$ cat work-v6.cif   # mmCIF, C-alpha atoms
data_final
loop_
_atom_site.label_atom_id
_atom_site.label_comp_id
_atom_site.auth_asym_id
_atom_site.auth_seq_id
_atom_site.Cartn_x
_atom_site.Cartn_y
_atom_site.Cartn_z
CA MET A 4 2.55 -1.61 -13.01
CA ALA A 5 5.29 -3.45 -11.18
CA SER A 6 7.68 -5.01 -13.63
CA SER A 7 8.79 -8.51 -12.74
CA LYS A 8 12.53 -8.86 -12.60
CA GLY A 9 12.90 -12.06 -14.66
CA PRO A 10 16.54 -13.20 -14.29
CA ALA A 11 17.25 -13.92 -10.66
CA SER A 12 21.03 -14.13 -10.62
CA PRO A 13 22.94 -10.83 -10.67
CA ALA A 14 25.11 -11.96 -13.59
CA ALA A 15 22.06 -12.67 -15.75
CA ARG A 16 20.54 -9.33 -14.73
CA VAL A 17 23.68 -7.42 -15.74
CA ALA A 18 23.75 -9.27 -19.05
CA GLU A 19 20.12 -8.26 -19.67
CA MET A 20 20.95 -4.65 -18.85
CA GLU A 21 23.86 -4.59 -21.31
CA LYS A 22 21.41 -5.58 -24.04
CA MET A 23 19.12 -2.62 -23.33
CA SER A 24 19.45 0.80 -24.87
CA VAL A 25 20.34 3.87 -22.84
CA GLU A 26 16.71 4.95 -22.79
CA GLN A 27 15.44 1.62 -21.53
CA LEU A 28 18.20 1.43 -18.94
CA LYS A 29 17.36 4.91 -17.69
CA ALA A 30 13.72 3.90 -17.36
CA VAL A 31 14.62 0.74 -15.47
CA LYS A 32 16.87 2.65 -13.09
CA GLU A 33 14.20 5.29 -12.43
CA GLN A 34 11.58 2.64 -11.83
CA THR A 35 13.76 0.73 -9.37
CA ASP A 36 14.78 3.95 -7.61
CA LEU A 37 11.12 4.79 -7.09
CA GLU A 38 10.47 1.34 -5.70
CA VAL A 39 13.46 1.61 -3.34
CA ASN A 40 12.13 4.94 -2.03
CA LEU A 41 8.70 3.47 -1.45
CA LEU A 42 10.17 0.57 0.45
CA GLN A 43 12.32 2.91 2.55
CA ASP A 44 9.21 4.91 3.46
CA SER A 45 7.45 1.75 4.55
CA LEU A 46 10.47 0.77 6.64
CA ASN A 47 10.37 4.15 8.36
CA ASN A 48 6.67 3.77 9.06
CA ILE A 49 7.21 0.39 10.64
CA ARG A 50 10.01 1.78 12.78
CA THR A 51 7.78 4.61 14.00
CA ALA A 52 4.96 2.22 14.82
CA THR A 53 7.33 -0.10 16.70
CA THR A 54 8.62 2.85 18.75
CA ARG A 55 5.05 3.85 19.64
CA LEU A 56 4.24 0.31 20.72
CA ASP A 57 7.40 0.20 22.82
CA LEU A 58 6.32 3.42 24.53
CA ALA A 59 2.85 1.98 25.13
CA SER A 60 4.34 -1.16 26.61
CA ALA A 61 6.59 0.88 28.91
CA ALA A 62 3.64 3.05 29.98
CA LEU A 63 1.62 -0.08 30.75
CA HIS A 64 4.42 -1.47 32.85
CA ASP A 65 4.71 1.82 34.73
CA LEU A 66 0.97 1.86 35.28
CA SER A 67 1.01 -1.62 36.76
CA LEU A 68 3.45 -0.43 39.43
CA ARG A 69 1.16 2.35 40.66
CA PRO A 70 -1.09 1.71 43.62
CA GLN A 71 -4.83 2.15 43.40
CA GLY A 72 -6.01 5.55 44.62
CA LYS A 73 -2.78 7.26 43.61
CA LYS A 74 -3.26 10.96 42.74
CA MET A 75 -2.72 11.73 39.04
CA LEU A 76 -3.32 14.41 36.39
CA VAL A 77 -5.64 13.47 33.52
CA PRO A 78 -5.13 15.25 30.16
CA LEU A 79 -8.39 16.64 28.79
CA THR A 80 -6.73 18.61 26.01
CA ALA A 81 -3.12 19.22 25.02
CA SER A 82 -2.87 22.03 27.57
CA LEU A 83 -5.53 21.14 30.14
CA TYR A 84 -4.95 18.56 32.85
CA VAL A 85 -7.40 17.68 35.59
CA PRO A 86 -6.47 16.10 38.94
CA GLY A 87 -7.84 12.62 39.55
CA THR A 88 -7.18 9.36 41.34
CA LEU A 89 -6.05 6.10 39.78
CA ASP A 90 -8.82 3.53 39.75
CA ASP A 91 -8.26 -0.14 39.11
CA SER A 92 -5.07 -0.49 37.07
CA GLU A 93 -5.69 -4.17 36.55
CA LYS A 94 -8.08 -3.55 33.64
CA VAL A 95 -6.97 -1.75 30.48
CA LEU A 96 -8.80 -0.82 27.27
CA VAL A 97 -6.91 -1.86 24.15
CA ASP A 98 -7.54 -0.35 20.72
CA ILE A 99 -7.42 -3.30 18.34
CA GLY A 100 -8.29 -1.30 15.20
CA THR A 101 -11.31 -0.31 13.06
CA GLY A 102 -12.91 1.39 16.06
CA TYR A 103 -12.99 -1.66 18.33
CA PHE A 104 -11.72 -1.54 21.91
CA VAL A 105 -11.33 -4.56 24.17
CA GLU A 106 -11.14 -4.64 27.93
CA LYS A 107 -8.13 -6.69 28.96
CA THR A 108 -6.18 -7.37 32.12
CA MET A 109 -2.80 -5.73 32.62
CA VAL A 110 -1.04 -9.01 31.74
CA GLU A 111 -3.10 -9.49 28.57
CA GLY A 112 -2.46 -5.87 27.63
CA LYS A 113 1.31 -6.31 27.96
CA ASP A 114 1.03 -9.53 25.98
CA TYR A 115 -0.88 -7.69 23.24
CA CYS A 116 1.88 -5.10 22.97
CA GLU A 117 4.53 -7.82 22.81
CA ARG A 118 2.64 -9.68 20.08
CA LYS A 119 2.22 -6.56 17.97
CA ILE A 120 5.89 -5.65 18.39
CA HIS A 121 6.92 -9.14 17.25
CA LEU A 122 4.64 -8.91 14.23
CA LEU A 123 6.09 -5.54 13.27
CA LYS A 124 9.67 -6.75 13.77
CA SER A 125 9.15 -9.71 11.44
CA ASN A 126 7.47 -7.46 8.84
CA TYR A 127 10.41 -5.09 9.15
CA ASP A 128 12.93 -7.87 8.53
CA GLN A 129 11.07 -9.11 5.46
CA LEU A 130 10.80 -5.60 4.10
CA LEU A 131 14.48 -4.90 4.77
CA GLU A 132 15.47 -7.90 2.68
CA LEU A 133 13.20 -6.79 -0.18
CA ALA A 134 14.56 -3.25 0.01
CA SER A 135 18.21 -4.33 -0.11
CA ASN A 136 17.53 -6.59 -3.11
CA LYS A 137 15.85 -3.73 -4.94
CA LYS A 138 18.73 -1.40 -4.04
CA THR A 139 21.18 -3.91 -5.52
CA VAL A 140 19.21 -3.96 -8.77
CA ALA A 141 19.08 -0.16 -8.83
CA ASP A 142 22.85 0.05 -8.29
CA GLU A 143 23.49 -2.46 -11.07
CA ALA A 144 21.28 -0.46 -13.40
CA GLY A 145 23.14 2.72 -12.48
CA ALA A 146 26.53 1.13 -13.11
CA ALA A 147 25.41 -0.33 -16.46
CA LEU A 148 24.01 3.08 -17.45
CA GLN A 149 27.31 4.78 -16.60
CA ALA A 150 29.24 2.22 -18.63
CA LYS A 151 26.91 2.64 -21.62
CA LEU A 152 27.15 6.43 -21.53
CA LYS A 153 30.95 6.24 -21.38
CA GLN A 154 30.86 3.91 -24.38
CA LEU A 155 28.76 6.33 -26.42
CA ALA A 156 30.66 9.49 -25.40
CA PRO A 157 33.89 9.13 -27.39
CA GLN A 158 31.94 8.14 -30.51
CA THR A 159 31.93 11.57 -32.19
CA MET B 2 -2.08 11.24 -52.92
CA ALA B 3 -1.49 12.89 -49.58
CA SER B 4 -4.39 15.34 -49.38
CA PRO B 5 -4.27 17.80 -46.48
CA ALA B 6 -7.83 16.81 -45.59
CA ALA B 7 -6.84 13.18 -45.17
CA VAL B 8 -3.87 14.16 -43.01
CA ARG B 9 -6.09 16.38 -40.88
CA GLU B 10 -8.63 13.61 -40.46
CA LEU B 11 -5.94 11.17 -39.41
CA GLN B 12 -4.60 13.70 -36.96
CA ARG B 13 -8.04 14.13 -35.43
CA ASP B 14 -8.38 10.39 -35.20
CA LEU B 15 -4.96 10.19 -33.51
CA GLU B 16 -5.92 12.85 -31.00
CA ASN B 17 -9.17 11.09 -30.16
CA LYS B 18 -7.47 7.76 -29.71
CA ALA B 19 -4.68 9.32 -27.63
CA ASN B 20 -7.26 10.99 -25.38
CA ASP B 21 -9.10 7.70 -24.95
CA LEU B 22 -5.83 6.01 -24.08
CA SER B 23 -4.93 8.56 -21.41
CA LYS B 24 -8.43 8.28 -19.94
CA ILE B 25 -8.06 4.51 -19.68
CA GLN B 26 -4.67 4.94 -18.02
CA LYS B 27 -6.17 7.37 -15.50
CA ASP B 28 -8.89 4.85 -14.73
CA ILE B 29 -6.29 2.17 -14.16
CA ALA B 30 -4.38 4.44 -11.77
CA LYS B 31 -7.57 5.22 -9.84
CA ASN B 32 -8.34 1.51 -9.67
CA HIS B 33 -4.93 0.89 -8.13
CA GLN B 34 -5.51 3.57 -5.52
CA VAL B 35 -8.89 2.20 -4.49
CA ARG B 36 -7.49 -1.30 -4.44
CA LYS B 37 -4.65 -0.13 -2.14
CA LYS B 38 -7.15 1.42 0.27
CA TYR B 39 -9.26 -1.73 0.36
CA THR B 40 -6.24 -3.95 0.87
CA ILE B 41 -5.17 -1.90 3.88
CA GLN B 42 -8.68 -2.05 5.35
CA LEU B 43 -8.82 -5.78 4.77
CA GLY B 44 -5.54 -6.28 6.61
CA GLU B 45 -6.71 -4.18 9.55
CA ASN B 46 -10.02 -6.03 9.81
CA GLU B 47 -8.28 -9.38 9.75
CA LEU B 48 -6.04 -8.28 12.63
CA VAL B 49 -9.13 -7.22 14.58
CA LEU B 50 -10.80 -10.56 13.89
CA LYS B 51 -7.75 -12.43 15.16
CA GLU B 52 -7.77 -10.41 18.38
CA LEU B 53 -11.50 -10.96 18.87
CA GLU B 54 -11.07 -14.68 18.42
CA LEU B 55 -8.47 -14.75 21.19
CA LEU B 56 -10.96 -13.34 23.67
CA LYS B 57 -12.90 -15.29 26.26
CA GLU B 58 -16.70 -15.39 25.96
CA ASP B 59 -17.25 -12.89 28.75
CA ALA B 60 -14.68 -10.30 27.65
CA ASN B 61 -15.98 -6.78 27.20
CA VAL B 62 -15.86 -5.36 23.68
CA TYR B 63 -16.54 -1.71 22.94
CA LYS B 64 -17.02 0.02 19.62
CA LEU B 65 -16.13 3.66 19.04
CA ILE B 66 -19.14 5.32 17.40
CA GLY B 67 -18.28 8.99 17.03
CA PRO B 68 -17.17 10.22 20.46
CA VAL B 69 -18.98 7.42 22.26
CA LEU B 70 -17.61 4.04 23.32
CA VAL B 71 -20.53 1.62 23.14
CA LYS B 72 -20.45 -1.81 24.72
CA GLN B 73 -20.88 -4.53 22.12
CA ASP B 74 -21.65 -8.20 22.28
CA LEU B 75 -18.61 -10.30 21.34
CA ALA B 76 -20.66 -12.41 18.92
CA GLU B 77 -22.05 -9.29 17.28
CA ALA B 78 -18.60 -7.74 16.96
CA ASN B 79 -17.29 -10.96 15.39
CA ALA B 80 -20.20 -11.02 12.95
CA ASN B 81 -19.70 -7.37 12.00
CA VAL B 82 -15.99 -7.74 11.36
CA ARG B 83 -16.55 -10.95 9.36
CA LYS B 84 -19.19 -9.23 7.23
CA ARG B 85 -16.84 -6.33 6.54
CA ILE B 86 -14.07 -8.71 5.54
CA GLU B 87 -16.46 -10.48 3.15
CA TYR B 88 -17.59 -7.20 1.64
CA ILE B 89 -14.04 -5.91 1.15
CA SER B 90 -12.93 -9.20 -0.41
CA ALA B 91 -15.84 -9.04 -2.85
CA GLU B 92 -14.97 -5.45 -3.74
CA LEU B 93 -11.34 -6.42 -4.34
CA LYS B 94 -12.38 -9.23 -6.66
CA ARG B 95 -14.63 -6.84 -8.57
CA LEU B 96 -11.75 -4.35 -8.88
CA ASP B 97 -9.49 -7.14 -10.16
CA ALA B 98 -11.94 -7.94 -12.94
CA THR B 99 -12.31 -4.25 -13.79
CA VAL B 100 -8.58 -3.62 -13.97
CA GLN B 101 -8.04 -6.64 -16.20
CA ASP B 102 -10.71 -5.39 -18.56
CA LEU B 103 -9.17 -1.90 -18.51
CA GLU B 104 -5.71 -3.28 -19.26
CA GLU B 105 -7.03 -5.16 -22.28
CA LYS B 106 -8.69 -1.97 -23.51
CA GLN B 107 -5.44 -0.08 -22.92
CA ASN B 108 -3.44 -2.52 -25.00
CA SER B 109 -5.87 -2.50 -27.90
CA LYS B 110 -6.03 1.31 -27.80
CA ARG B 111 -2.23 1.46 -27.87
CA GLU B 112 -2.21 -0.72 -30.98
CA ALA B 113 -4.87 1.43 -32.60
CA VAL B 114 -2.87 4.61 -31.86
CA LEU B 115 0.24 3.01 -33.31
CA LYS B 116 -1.61 2.03 -36.48
CA VAL B 117 -2.92 5.56 -37.00
CA GLN B 118 0.57 6.95 -36.44
CA GLN B 119 1.96 4.55 -39.02
CA ARG B 120 -0.70 5.53 -41.53
CA MET B 121 0.08 9.18 -40.95
CA GLN B 122 3.77 8.59 -41.48
CA ALA B 123 3.03 6.74 -44.71
CA LEU B 124 0.75 9.53 -45.93
CA GLN B 125 3.23 12.25 -45.09
CA ALA B 126 5.94 10.32 -46.91
CA GLY B 127 3.86 10.99 -50.00
CA LYS B 128 2.54 7.49 -50.63
CA ALA B 129 -1.21 7.07 -51.08
CA LYS B 130 -2.70 4.64 -48.61
CA ALA B 131 -6.28 3.36 -48.81
#
$ encode --input "work-v6.cif" --output "structure tokens"
Amino acid sequence: MASSKGPASPAARVAEMEKMSVEQLKAVKEQTDLEVNLLQDSLNNIRTATTRLDLASAALHDLSLRPQGKKMLVPLTASLYVPGTLDDSEKVLVDIGTGYFVEKTMVEGKDYCERKIHLLKSNYDQLLELASNKKTVADEAGAALQAKLKQLAPQT
Amino acid sequence: MASPAAVRELQRDLENKANDLSKIQKDIAKNHQVRKKYTIQLGENELVLKELELLKEDANVYKLIGPVLVKQDLAEANANVRKRIEYISAELKRLDATVQDLEEKQNSKREAVLKVQQRMQALQAGKAKA
């Protein structure tokens, strides 16, 4: 269950952490570390998806430059290509998700790629902010834990 | 007085309650997983709906059924996606209610386990407890 980080200001957070025992602090740090890792994974996924969309957009652009009737090789499997000729490059089929494909013009197709890339970029920025906030909390927890352990150590 | 039979019975009770608690926690975890899957599907379907709405009336829509791309009517595709969104939203609401119920059960089980543990501690300390 995601724990809500009550105090918003870093000073208040550190004060809260000082009040906790070593056990609780360890648990908080582990929890935040997990969350940071999750967020980093999501960031990577978004980056991969954006790269793929960029490639698609570039491929589209390249396709639009080719004349109709141009000879090409069509991949049937990963190792089998078949010679063919380029038909109308003005129409493209776009996969919009959940098994639906839409026929669009070259311009609309490029526009689709642009739109998706913008959406992903804004998601990425939001996620990046969340991830850095969480990392700050995790670092504070780590520092507080270190301080607490040092406090307890000489007490023998 | 702390009879070994009473201690054993309490221990059995504790085990039962602890097992129940872990089962409830497993159910909660499964609920979260299913809810994650549905949320992802809902997001994807909403994206598709947005794209479909941007299309002109005469645009060609195809649906991938197995290895076959089948031409679909735009209105039909819209209706299908809307219906799926409705269904997924209903499922999510149902899951919400279930998880709330499970969490209440979890909390009350936790309290019950704690009480049994306390009784056991009292018994083992040698005091007779009713």
$ atom_distance --input "work-v6.cif" --atom1 "atom CA of A:Leu155" --atom2 "atom CA of A:Lys138"
25.7 Å
$ residues_around --input "work-v6.cif" --residues "A:His64" --least-positions-apart "6" --cutoff "12 Å" --atoms "only C-alpha atoms" --output "PyMOL selection string"
chain A and resi 57-58+92-93+95+109-114+116-117
$ atom_distance --input "work-v6.cif" --atom1 "atom CA of A:Ala52" --atom2 "atom CA of A:Ala141"
27.6 Å
$ closest_residue --input "work-v6.cif" --among "A:Lys153, A:Gly100, A:Gly145, A:Lys119" --to "chain B" --atoms "only C-alpha atoms"
A:Gly100
$ atom_distance --input "work-v6.cif" --atom1 "atom CA of B:Val82" --atom2 "atom CA of B:Glu47"
8.0 Å
$ closest_atom_pairs --input "work-v6.cif" --of "chain A" --to "chain B" --cutoff "9 Å" --atoms "only C-alpha atoms" --output "CSV"
residue,atom,partner,partner_atom,distance
A:Leu96,CA,B:Tyr63,CA,8.9
A:Ile99,CA,B:Val49,CA,5.7
A:Gly100,CA,B:Val49,CA,6.0
A:Thr101,CA,B:Asn46,CA,6.7
A:Gly102,CA,B:Leu65,CA,4.9
A:Tyr103,CA,B:Lys64,CA,4.6
A:Phe104,CA,B:Tyr63,CA,4.9
A:Val105,CA,B:Val62,CA,4.6
A:Glu106,CA,B:Asn61,CA,5.3
A:Lys107,CA,B:Ala60,CA,7.6
A:Tyr115,CA,B:Glu52,CA,8.9
$ resolve_selection --input "work-v6.cif" --expression "the PyMOL selection byres ((chain B and resi 107) around 10)" --output "list in words"
Asp21, Leu22, Ser23, Lys24, Ile25, Gln26, Ile29, Gln101, Asp102, Leu103, Glu104, Glu105, Lys106, Asn108, Ser109, Lys110, Arg111, Glu112 and Ala113 of chain B
$ build_atoms --input "work-v6.cif" --residues "stretch 119-130 of chain A" --atoms "all heavy atoms" --output "PDB file, keeping the file's coordinate frame"
ATOM      1  N   LYS A 119       2.197  -7.512  19.066  1.00  0.00           N
ATOM      2  CA  LYS A 119       2.220  -6.560  17.970  1.00  0.00           C
ATOM      3  C   LYS A 119       3.654  -6.193  17.612  1.00  0.00           C
ATOM      4  O   LYS A 119       4.017  -6.074  16.445  1.00  0.00           O
ATOM      5  CB  LYS A 119       1.446  -5.290  18.347  1.00  0.00           C
ATOM      6  CG  LYS A 119      -0.044  -5.473  18.256  1.00  0.00           C
ATOM      7  CD  LYS A 119      -0.489  -5.382  16.799  1.00  0.00           C
ATOM      8  CE  LYS A 119      -1.932  -5.640  16.606  1.00  0.00           C
ATOM      9  NZ  LYS A 119      -2.444  -6.918  16.550  1.00  0.00           N
ATOM     10  N   ILE A 120       4.499  -6.016  18.663  1.00  0.00           N
ATOM     11  CA  ILE A 120       5.890  -5.650  18.390  1.00  0.00           C
ATOM     12  C   ILE A 120       6.582  -6.767  17.618  1.00  0.00           C
ATOM     13  O   ILE A 120       7.334  -6.512  16.681  1.00  0.00           O
ATOM     14  CB  ILE A 120       6.628  -5.335  19.718  1.00  0.00           C
ATOM     15  CG1 ILE A 120       6.062  -4.053  20.320  1.00  0.00           C
ATOM     16  CG2 ILE A 120       8.110  -5.198  19.502  1.00  0.00           C
ATOM     17  CD1 ILE A 120       6.714  -3.647  21.615  1.00  0.00           C
ATOM     18  N   HIS A 121       6.315  -8.028  17.989  1.00  0.00           N
ATOM     19  CA  HIS A 121       6.920  -9.140  17.250  1.00  0.00           C
ATOM     20  C   HIS A 121       6.486  -9.143  15.805  1.00  0.00           C
ATOM     21  O   HIS A 121       7.299  -9.318  14.888  1.00  0.00           O
ATOM     22  CB  HIS A 121       6.533 -10.472  17.902  1.00  0.00           C
ATOM     23  CG  HIS A 121       7.408 -10.805  19.050  1.00  0.00           C
ATOM     24  ND1 HIS A 121       6.992 -11.550  20.118  1.00  0.00           N
ATOM     25  CD2 HIS A 121       8.685 -10.480  19.319  1.00  0.00           C
ATOM     26  CE1 HIS A 121       7.967 -11.659  20.983  1.00  0.00           C
ATOM     27  NE2 HIS A 121       9.010 -11.017  20.523  1.00  0.00           N
ATOM     28  N   LEU A 122       5.165  -8.942  15.592  1.00  0.00           N
ATOM     29  CA  LEU A 122       4.640  -8.910  14.230  1.00  0.00           C
ATOM     30  C   LEU A 122       5.340  -7.840  13.414  1.00  0.00           C
ATOM     31  O   LEU A 122       5.808  -8.084  12.298  1.00  0.00           O
ATOM     32  CB  LEU A 122       3.129  -8.648  14.287  1.00  0.00           C
ATOM     33  CG  LEU A 122       2.413  -8.604  12.942  1.00  0.00           C
ATOM     34  CD1 LEU A 122       2.469  -9.965  12.300  1.00  0.00           C
ATOM     35  CD2 LEU A 122       0.966  -8.200  13.130  1.00  0.00           C
ATOM     36  N   LEU A 123       5.451  -6.631  13.995  1.00  0.00           N
ATOM     37  CA  LEU A 123       6.090  -5.540  13.270  1.00  0.00           C
ATOM     38  C   LEU A 123       7.559  -5.855  12.996  1.00  0.00           C
ATOM     39  O   LEU A 123       8.062  -5.569  11.914  1.00  0.00           O
ATOM     40  CB  LEU A 123       5.986  -4.245  14.071  1.00  0.00           C
ATOM     41  CG  LEU A 123       4.620  -3.578  14.034  1.00  0.00           C
ATOM     42  CD1 LEU A 123       4.640  -2.264  14.778  1.00  0.00           C
ATOM     43  CD2 LEU A 123       4.186  -3.341  12.611  1.00  0.00           C
ATOM     44  N   LYS A 124       8.255  -6.448  13.981  1.00  0.00           N
ATOM     45  CA  LYS A 124       9.670  -6.750  13.770  1.00  0.00           C
ATOM     46  C   LYS A 124       9.836  -7.721  12.617  1.00  0.00           C
ATOM     47  O   LYS A 124      10.718  -7.562  11.774  1.00  0.00           O
ATOM     48  CB  LYS A 124      10.304  -7.345  15.031  1.00  0.00           C
ATOM     49  CG  LYS A 124      10.576  -6.333  16.106  1.00  0.00           C
ATOM     50  CD  LYS A 124      11.958  -6.514  16.760  1.00  0.00           C
ATOM     51  CE  LYS A 124      12.271  -5.325  17.636  1.00  0.00           C
ATOM     52  NZ  LYS A 124      11.800  -5.471  19.020  1.00  0.00           N
ATOM     53  N   SER A 125       8.983  -8.752  12.531  1.00  0.00           N
ATOM     54  CA  SER A 125       9.150  -9.710  11.440  1.00  0.00           C
ATOM     55  C   SER A 125       8.810  -9.047  10.108  1.00  0.00           C
ATOM     56  O   SER A 125       9.496  -9.279   9.105  1.00  0.00           O
ATOM     57  CB  SER A 125       8.307 -10.958  11.683  1.00  0.00           C
ATOM     58  OG  SER A 125       6.976 -10.727  11.336  1.00  0.00           O
ATOM     59  N   ASN A 126       7.770  -8.196  10.074  1.00  0.00           N
ATOM     60  CA  ASN A 126       7.470  -7.460   8.840  1.00  0.00           C
ATOM     61  C   ASN A 126       8.652  -6.613   8.426  1.00  0.00           C
ATOM     62  O   ASN A 126       9.022  -6.547   7.250  1.00  0.00           O
ATOM     63  CB  ASN A 126       6.257  -6.540   9.060  1.00  0.00           C
ATOM     64  CG  ASN A 126       4.963  -7.311   8.987  1.00  0.00           C
ATOM     65  OD1 ASN A 126       4.974  -8.479   8.641  1.00  0.00           O
ATOM     66  ND2 ASN A 126       3.877  -6.660   9.345  1.00  0.00           N
ATOM     67  N   TYR A 127       9.268  -5.953   9.428  1.00  0.00           N
ATOM     68  CA  TYR A 127      10.410  -5.090   9.150  1.00  0.00           C
ATOM     69  C   TYR A 127      11.551  -5.883   8.521  1.00  0.00           C
ATOM     70  O   TYR A 127      12.142  -5.454   7.530  1.00  0.00           O
ATOM     71  CB  TYR A 127      10.879  -4.456  10.466  1.00  0.00           C
ATOM     72  CG  TYR A 127      11.971  -3.441  10.305  1.00  0.00           C
ATOM     73  CD1 TYR A 127      11.665  -2.128   9.972  1.00  0.00           C
ATOM     74  CD2 TYR A 127      13.306  -3.785  10.488  1.00  0.00           C
ATOM     75  CE1 TYR A 127      12.659  -1.189   9.816  1.00  0.00           C
ATOM     76  CE2 TYR A 127      14.298  -2.844  10.336  1.00  0.00           C
ATOM     77  CZ  TYR A 127      13.974  -1.548  10.011  1.00  0.00           C
ATOM     78  OH  TYR A 127      14.961  -0.613   9.860  1.00  0.00           O
ATOM     79  N   ASP A 128      11.832  -7.069   9.084  1.00  0.00           N
ATOM     80  CA  ASP A 128      12.930  -7.870   8.530  1.00  0.00           C
ATOM     81  C   ASP A 128      12.654  -8.272   7.101  1.00  0.00           C
ATOM     82  O   ASP A 128      13.530  -8.171   6.238  1.00  0.00           O
ATOM     83  CB  ASP A 128      13.144  -9.109   9.404  1.00  0.00           C
ATOM     84  CG  ASP A 128      13.688  -8.738  10.767  1.00  0.00           C
ATOM     85  OD1 ASP A 128      14.348  -7.688  10.861  1.00  0.00           O
ATOM     86  OD2 ASP A 128      13.434  -9.484  11.733  1.00  0.00           O
ATOM     87  N   GLN A 129      11.403  -8.725   6.837  1.00  0.00           N
ATOM     88  CA  GLN A 129      11.070  -9.110   5.460  1.00  0.00           C
ATOM     89  C   GLN A 129      11.252  -7.946   4.508  1.00  0.00           C
ATOM     90  O   GLN A 129      11.830  -8.067   3.425  1.00  0.00           O
ATOM     91  CB  GLN A 129       9.612  -9.561   5.400  1.00  0.00           C
ATOM     92  CG  GLN A 129       9.388 -10.977   5.845  1.00  0.00           C
ATOM     93  CD  GLN A 129       7.906 -11.314   5.844  1.00  0.00           C
ATOM     94  OE1 GLN A 129       7.067 -10.442   6.075  1.00  0.00           O
ATOM     95  NE2 GLN A 129       7.598 -12.540   5.575  1.00  0.00           N
ATOM     96  N   LEU A 130      10.733  -6.786   4.947  1.00  0.00           N
ATOM     97  CA  LEU A 130      10.800  -5.600   4.100  1.00  0.00           C
ATOM     98  C   LEU A 130      12.237  -5.186   3.855  1.00  0.00           C
ATOM     99  O   LEU A 130      12.613  -4.775   2.756  1.00  0.00           O
ATOM    100  CB  LEU A 130      10.031  -4.466   4.790  1.00  0.00           C
ATOM    101  CG  LEU A 130       9.498  -3.378   3.861  1.00  0.00           C
ATOM    102  CD1 LEU A 130       8.634  -3.991   2.801  1.00  0.00           C
ATOM    103  CD2 LEU A 130       8.717  -2.375   4.663  1.00  0.00           C
TER     104      LEU A 130
END
